[in-house]
Amino acid sequence: FKDIRRRFTFKGVIPLLDKINNRIYTNMFGLNNDLTAAELLAALAEVRDKMVSNHNSMFLGELDRFIRRVKLFGMHFASLDIRQDSSIHEAVFQAVVSKYKVSEKPYAEWSHEEKVAFLTNNDITVNEDEFEDPLVKDTFKTIKAIKEIQTKNGEKACHRYIISNSTSSCSVLEVLAMFKFCGIEEINVDIVPLFETIEGLDTARQSMSELYNLEYYKKQLKYRSDFQTIMLGFSDGTKDGGYIKANWEIYKAKENLTAVSMENGINVVFFDGRGGPPARGGGKTHQFYASQGPSIANNEIQITIQGQTISSMYGSKPQAIFNFEQLLSAGVINDIFTDDKSLISKQERDLIEELAEVGGKKYLELKNHPLFVSYLEHKSPLKYYGKTKIGSRPSKRNTSSQLKLSDLRAIPFVGSWSQLKQNVPGFFGFGTALQSKIDEGKLEELKDLFENSLYFKTLMQNSMMALSKTYFPLTSYMKNDPIYGEFWNILYEEQQRSITNMLLVSGQKLLMETDPISMMSVEYRENIVLPLLAIQQYALQEVEENSDENAKTVFEKMVTRSLFGNINASRNSA
C-alpha cells in the first residue's frame, strides 16, 4: 500500500489514500479493530473510480493488482489451520468427565452411543483454569484463541480445525462439543476429520454417513453452507499399510465419501495430506489428480506441500507458474477429458484389489518383524531428524524414551529410509504383489492394466521413481551383520523383485524410461548425494562403535550436517 501511496499523488486521491492508510495503521498495531476486507475494498473502489473519471486511468494496473491481493488474502496472508490428534481430545474428555462428575465410568470405556448422546446434548461450561493438566488447559485455550483470531482478523483468518487420526463420528463431535463447552454457540469453523490409518479409511464412509444424518451436525453443516472438507493422510496411511495398500484404500475412501456426500446433498472437498516423495503421496502429483476419474469429487484441489518441495517446486516464479498450471490442468483433464483410461472397470478393480491385499500383507509382515523399529533406530539417521528441526512437527508423538512405530511421524520415518537409499515405504510389497499375479498366469492382464488404467500406471510409475532412488550397495556391509543381516536381505530381495516385475509389466528396460527428463534429474541429484551418504554411513558406524565421547560428538555432527545436504539435494526425500 505504501507503493500505491507514493505513486498515486493525484488531486482528490491523496485524501482518500491517507484515510485508508490511517485505518490500516491503527488496525495493524492494535489501536483499533474496525477494518474489514469488505470496507478496505470499498475504499479502494472509490480510489479506482476517481482515477478512471478524473485521471485517465493512470497506473490503474498497479491499483488493480493490489485490489486482487486484498480479494485473495483479505486482512491476513493465509488462513491458520488448527490441528490436533483425536487421542488428545479423548484425554480432554476423560478429564472433563472426571472433573464435572459426569460418570464414574472412564470416557474411554463408554459405548459409541453413549459418547454421541453426551457430545450432542450437554450444558457444561468449562473453565480451563480448573484443570491441572497443561494439555487440557491448552486445548480449551486454543478453542478460545480461534474465536479471538476471528474477532480481530475475520472468519477466514482461522476457520478450520483438523482432527488427526479420526476414527469415528465422535472425533468430529468432540471438537464441536469443546466449542459449546467454551460458550461458543455460533461455530464459524469447518471441522475437518483426517482419515489416515487403514482402519480410519475403512470406516470413513460410515463415520461421515452418521454425521450427515445427525440433526445436530446437519445444523452445523447448514451453517457452513453444506460444505464438508475431509482430509486424507497419505503419509501415515503408507506407514500403516504399505504403498499399494494405502493408495488403493485412499482411492476407495474418496469414492465412498464422494457418494455418501452426494446422497446427502453435501459438497465435499478433499484436502490431501501429501509429502514430497511417492511414499508420502508425492511424485507426479498432477498426473495423480488427472487419473482420479469421475467417481471422485473434483470441486477443488487442496494439498499440503512440505519441506524442500516448496523451494524446488514453488521457489521461483517460473517454477511456481509451471506447477500451478500442472495442478489446474489436472483438474480440467479429470473433469472434461474423461475417457476409458480414467475409468476403472470391474475387472481392473478386482485385479488392483488383489494386488493391494497381497502387497499390504507383505508389508504387514515386514512391519511386524521384531527388528523393524530397531533397524531404523540403530542403522539409520532416524534419531537425528529431531536435531535438524526440519519437520513441521516433532519427530514422534510422545516423549517416552522407548520408540514405537505408532508414535513415529511420517517425515522422519520416510526420510530415514530415504537416507539409507532403501525407500521401503515407496515400493515394499509391490514386487511380491505383481509376482503373485504373474505366478497365476496373469502377466498379460497386468500389462493391460498398466497400459489402460491411468490410475494404476501413475501408481506404479511413482513407485518406480522411489525405486530409482534406491541404492543398496551403500548399505551392503549390513548383509553380514550378525543382528540385522537377515533383515537387510529381506529388504534387498523385495527391491530386486519389485524392479524386475515392474520392468516386466511396463515393458521398459530401465526405471522411468518413458520420462527421460525426470530420469536424468534423479540421476544428476543422486550423484550429488552419494558422497554425502557415504560419509553419513561411515559416521553412523563410528557413533555405534566408538567409545570416545568427544569423537562421537564430532561424528554425530557429521550425520546431522549430511542430513541437510541430502534432503535439499534429493528434492523429495522427506
# chains A, B, ... in the order shown; residues from 1 in each chain; ligands from 1
>>> select_by_dssp(residues="range 465-527 of chain A", states="alpha helix (DSSP H)", output="compact mmCIF listing (two decimals) with C-alpha atoms, in the first residue's frame")
# COMPACT_ATOMS: atom_id res chain seq x y z
CA MET A 465 10.61 -43.26 -9.11
CA ALA A 466 11.09 -44.39 -5.49
CA LEU A 467 12.95 -47.48 -6.71
CA SER A 468 15.18 -45.40 -8.98
CA GLY A 485 21.90 -59.10 8.19
CA GLU A 486 18.78 -61.21 7.62
CA PHE A 487 16.52 -58.14 7.81
CA TRP A 488 18.65 -56.24 5.28
CA ASN A 489 18.37 -59.18 2.89
CA ILE A 490 14.56 -59.16 3.16
CA LEU A 491 14.56 -55.52 2.02
CA TYR A 492 17.07 -56.14 -0.77
CA GLU A 493 15.22 -59.15 -2.17
CA GLU A 494 11.93 -57.22 -2.34
CA GLN A 495 13.66 -54.30 -4.04
CA GLN A 496 15.09 -56.62 -6.70
CA ARG A 497 11.74 -58.37 -7.10
CA SER A 498 9.92 -55.04 -7.47
CA ILE A 499 12.34 -53.69 -10.11
CA THR A 500 12.23 -56.91 -12.14
CA ASN A 501 8.45 -57.21 -12.11
CA MET A 502 7.72 -53.53 -12.76
CA LEU A 503 10.01 -53.51 -15.77
CA LEU A 504 8.35 -56.71 -17.00
CA VAL A 505 4.81 -55.34 -16.61
CA SER A 506 5.62 -51.90 -18.06
CA PRO A 516 13.78 -39.21 -19.65
CA ILE A 517 13.88 -35.68 -18.20
CA SER A 518 12.85 -36.86 -14.74
CA MET A 519 15.19 -39.83 -15.04
CA MET A 520 18.12 -37.51 -15.82
CA SER A 521 17.11 -35.20 -12.98
CA VAL A 522 17.08 -38.07 -10.48
CA GLU A 523 20.41 -39.42 -11.76
CA TYR A 524 22.01 -35.97 -11.57
CA ARG A 525 20.89 -35.46 -7.97
CA GLU A 526 21.77 -38.99 -6.88
CA ASN A 527 25.37 -38.39 -7.98
>>> closest_residue(among="A:Ile333, A:Ile149, A:Ala38, A:Met178", to="Ile67 in chain A", atoms="only C-alpha atoms")
A:Ala38
>>> closest_residue(among="A:Ser345, A:Thr9, A:Asn550, A:Gln419", to="Ala569 in chain A", atoms="only C-alpha atoms")
A:Gln419
>>> closest_residue(among="A:Gln326, A:Thr553, A:Asn267, A:Ser562", to="Met313 in chain A", atoms="only C-alpha atoms")
A:Gln326
>>> closest_residue(among="A:Val13, A:Leu44, A:Leu351, A:Ile4", to="Phe59 in chain A", atoms="only C-alpha atoms")
A:Ile4
>>> select_by_dssp(residues="range 87-292 of chain A", states="strand (DSSP E)", output="list in words")
Arg160, Tyr161, Ile162, Ile163, Ser164, Asp190, Ile191, Val192, Pro193, Leu194, Phe195, Phe227, Gln228, Thr229, Ile230, Met231, Leu232, Gly233, Asn267, Val268, Val269, Phe270, Phe271, Asp272 and Gly273 of chain A
>>> write_last_selection(atoms="N, CA and C atoms", output="CSV table (one decimal), in the first residue's frame")
chain,number,residue,atom,x,y,z
A,160,ARG,N,-10.5,-23.5,10.2
A,160,ARG,CA,-10.5,-24.9,10.1
A,160,ARG,C,-9.9,-25.6,11.3
A,161,TYR,N,-10.5,-26.6,11.8
A,161,TYR,CA,-10.0,-27.4,12.9
A,161,TYR,C,-9.8,-28.8,12.3
A,162,ILE,N,-8.6,-29.3,12.2
A,162,ILE,CA,-8.3,-30.6,11.6
A,162,ILE,C,-8.1,-31.6,12.7
A,163,ILE,N,-8.7,-32.8,12.6
A,163,ILE,CA,-8.6,-33.8,13.7
A,163,ILE,C,-7.7,-35.0,13.1
A,164,SER,N,-6.5,-35.1,13.5
A,164,SER,CA,-5.6,-36.2,13.1
A,164,SER,C,-6.2,-37.5,13.6
A,190,ASP,N,-14.9,-24.8,10.1
A,190,ASP,CA,-15.1,-26.1,9.5
A,190,ASP,C,-14.4,-27.2,10.2
A,191,ILE,N,-15.1,-28.2,10.7
A,191,ILE,CA,-14.5,-29.3,11.4
A,191,ILE,C,-14.0,-30.3,10.4
A,192,VAL,N,-12.7,-30.6,10.3
A,192,VAL,CA,-12.2,-31.4,9.2
A,192,VAL,C,-11.6,-32.7,9.8
A,193,PRO,N,-12.3,-33.9,9.6
A,193,PRO,CA,-11.7,-35.1,10.0
A,193,PRO,C,-10.5,-35.5,9.1
A,194,LEU,N,-9.5,-36.0,9.7
A,194,LEU,CA,-8.3,-36.5,8.9
A,194,LEU,C,-8.3,-38.1,9.0
A,195,PHE,N,-8.6,-38.8,8.0
A,195,PHE,CA,-8.6,-40.2,8.0
A,195,PHE,C,-7.2,-40.6,7.4
A,227,PHE,N,-21.0,-27.4,3.1
A,227,PHE,CA,-19.7,-27.8,2.6
A,227,PHE,C,-19.0,-28.6,3.7
A,228,GLN,N,-18.4,-29.7,3.3
A,228,GLN,CA,-17.6,-30.5,4.2
A,228,GLN,C,-16.2,-30.8,3.6
A,229,THR,N,-15.2,-30.4,4.3
A,229,THR,CA,-13.8,-30.7,3.9
A,229,THR,C,-13.4,-31.9,4.7
A,230,ILE,N,-12.8,-32.9,3.9
A,230,ILE,CA,-12.3,-34.1,4.5
A,230,ILE,C,-10.9,-34.3,4.1
A,231,MET,N,-10.0,-34.5,5.1
A,231,MET,CA,-8.6,-34.6,4.8
A,231,MET,C,-8.2,-36.1,4.8
A,232,LEU,N,-7.3,-36.5,3.9
A,232,LEU,CA,-6.9,-37.9,3.8
A,232,LEU,C,-5.4,-37.9,3.9
A,233,GLY,N,-4.8,-38.7,4.8
A,233,GLY,CA,-3.4,-38.7,5.0
A,233,GLY,C,-2.7,-39.8,4.3
A,267,ASN,N,-21.6,-30.8,-0.4
A,267,ASN,CA,-20.4,-30.5,-1.3
A,267,ASN,C,-19.2,-30.9,-0.6
A,268,VAL,N,-18.5,-32.0,-1.0
A,268,VAL,CA,-17.3,-32.4,-0.3
A,268,VAL,C,-16.1,-31.9,-1.0
A,269,VAL,N,-15.1,-31.5,-0.2
A,269,VAL,CA,-13.8,-31.1,-0.7
A,269,VAL,C,-12.7,-31.9,-0.1
A,270,PHE,N,-11.9,-32.5,-0.9
A,270,PHE,CA,-10.8,-33.4,-0.3
A,270,PHE,C,-9.6,-32.5,-0.2
A,271,PHE,N,-9.0,-32.7,1.0
A,271,PHE,CA,-7.7,-32.0,1.3
A,271,PHE,C,-6.7,-33.1,1.6
A,272,ASP,N,-5.8,-33.2,0.7
A,272,ASP,CA,-4.8,-34.4,0.7
A,272,ASP,C,-3.6,-34.0,1.5
A,273,GLY,N,-3.3,-34.8,2.5
A,273,GLY,CA,-2.1,-34.6,3.3
A,273,GLY,C,-0.9,-35.3,2.6
>>> residues_around(residues="Phe73 in chain A", least_positions_apart="5", cutoff="9 Å", atoms="only C-alpha atoms", output="PyMOL selection string")
chain A and resi 37+68+78-79+156
>>> atom_distance(atom1="CA of Cys158 in chain A", atom2="CA of Val189 in chain A")
7.7 Å
>>> residues_around(residues="range 429-442 of chain A", least_positions_apart="5", cutoff="6 Å", atoms="only C-alpha atoms", output="list in words")
Leu355, Val358, Gly359, Lys362, Tyr363, Arg497 and Ser498 of chain A
>>> residues_around(residues="Asn566 in chain A", least_positions_apart="2", cutoff="10 Å", atoms="only C-alpha atoms", output="VMD selection string")
chain A and resid 415 418 to 419 525 to 526 528 to 533 536 561 to 564 568 to 571 573
>>> closest_atom_pairs(of="range 398-516 of chain A", to="range 379-385 of chain A", cutoff="7 Å", atoms="only C-alpha atoms", output="tab-separated table")
residue	atom	partner	partner_atom	distance
A:Pro412	CA	A:Tyr385	CA	6.0
A:Ser416	CA	A:Leu382	CA	5.3
A:Leu420	CA	A:Ser380	CA	6.3
>>> write_last_selection(atoms="N, CA and C atoms", output="mmCIF file, in the first residue's frame")
data_model
loop_
_atom_site.group_PDB
_atom_site.id
_atom_site.type_symbol
_atom_site.label_atom_id
_atom_site.label_comp_id
_atom_site.auth_asym_id
_atom_site.auth_seq_id
_atom_site.Cartn_x
_atom_site.Cartn_y
_atom_site.Cartn_z
ATOM 1 N N PRO A 412 10.241 -38.222 9.509
ATOM 2 C CA PRO A 412 11.457 -38.969 9.851
ATOM 3 C C PRO A 412 11.397 -40.432 9.442
ATOM 4 N N SER A 416 14.171 -41.415 6.840
ATOM 5 C CA SER A 416 15.235 -42.326 7.277
ATOM 6 C C SER A 416 15.469 -43.428 6.248
ATOM 7 N N LEU A 420 18.921 -44.043 3.902
ATOM 8 C CA LEU A 420 19.557 -45.355 3.741
ATOM 9 C C LEU A 420 19.607 -45.781 2.280
#
>>> atom_distance(atom1="CA of Tyr375 in chain A", atom2="CA of Tyr484 in chain A")
6.9 Å
>>> atom_distance(atom1="CA of Arg274 in chain A", atom2="CA of Ile305 in chain A")
6.7 Å
>>> residues_around(residues="range 48-55 of chain A", least_positions_apart="5", cutoff="10 Å", atoms="only C-alpha atoms", output="PyMOL selection string")
chain A and resi 8+10-13+16+42-43+60+63-64+67
>>> residues_around(residues="Gly30 in chain A", least_positions_apart="5", cutoff="12 Å", atoms="only C-alpha atoms", output="PyMOL selection string")
chain A and resi 23-25+35+152-153
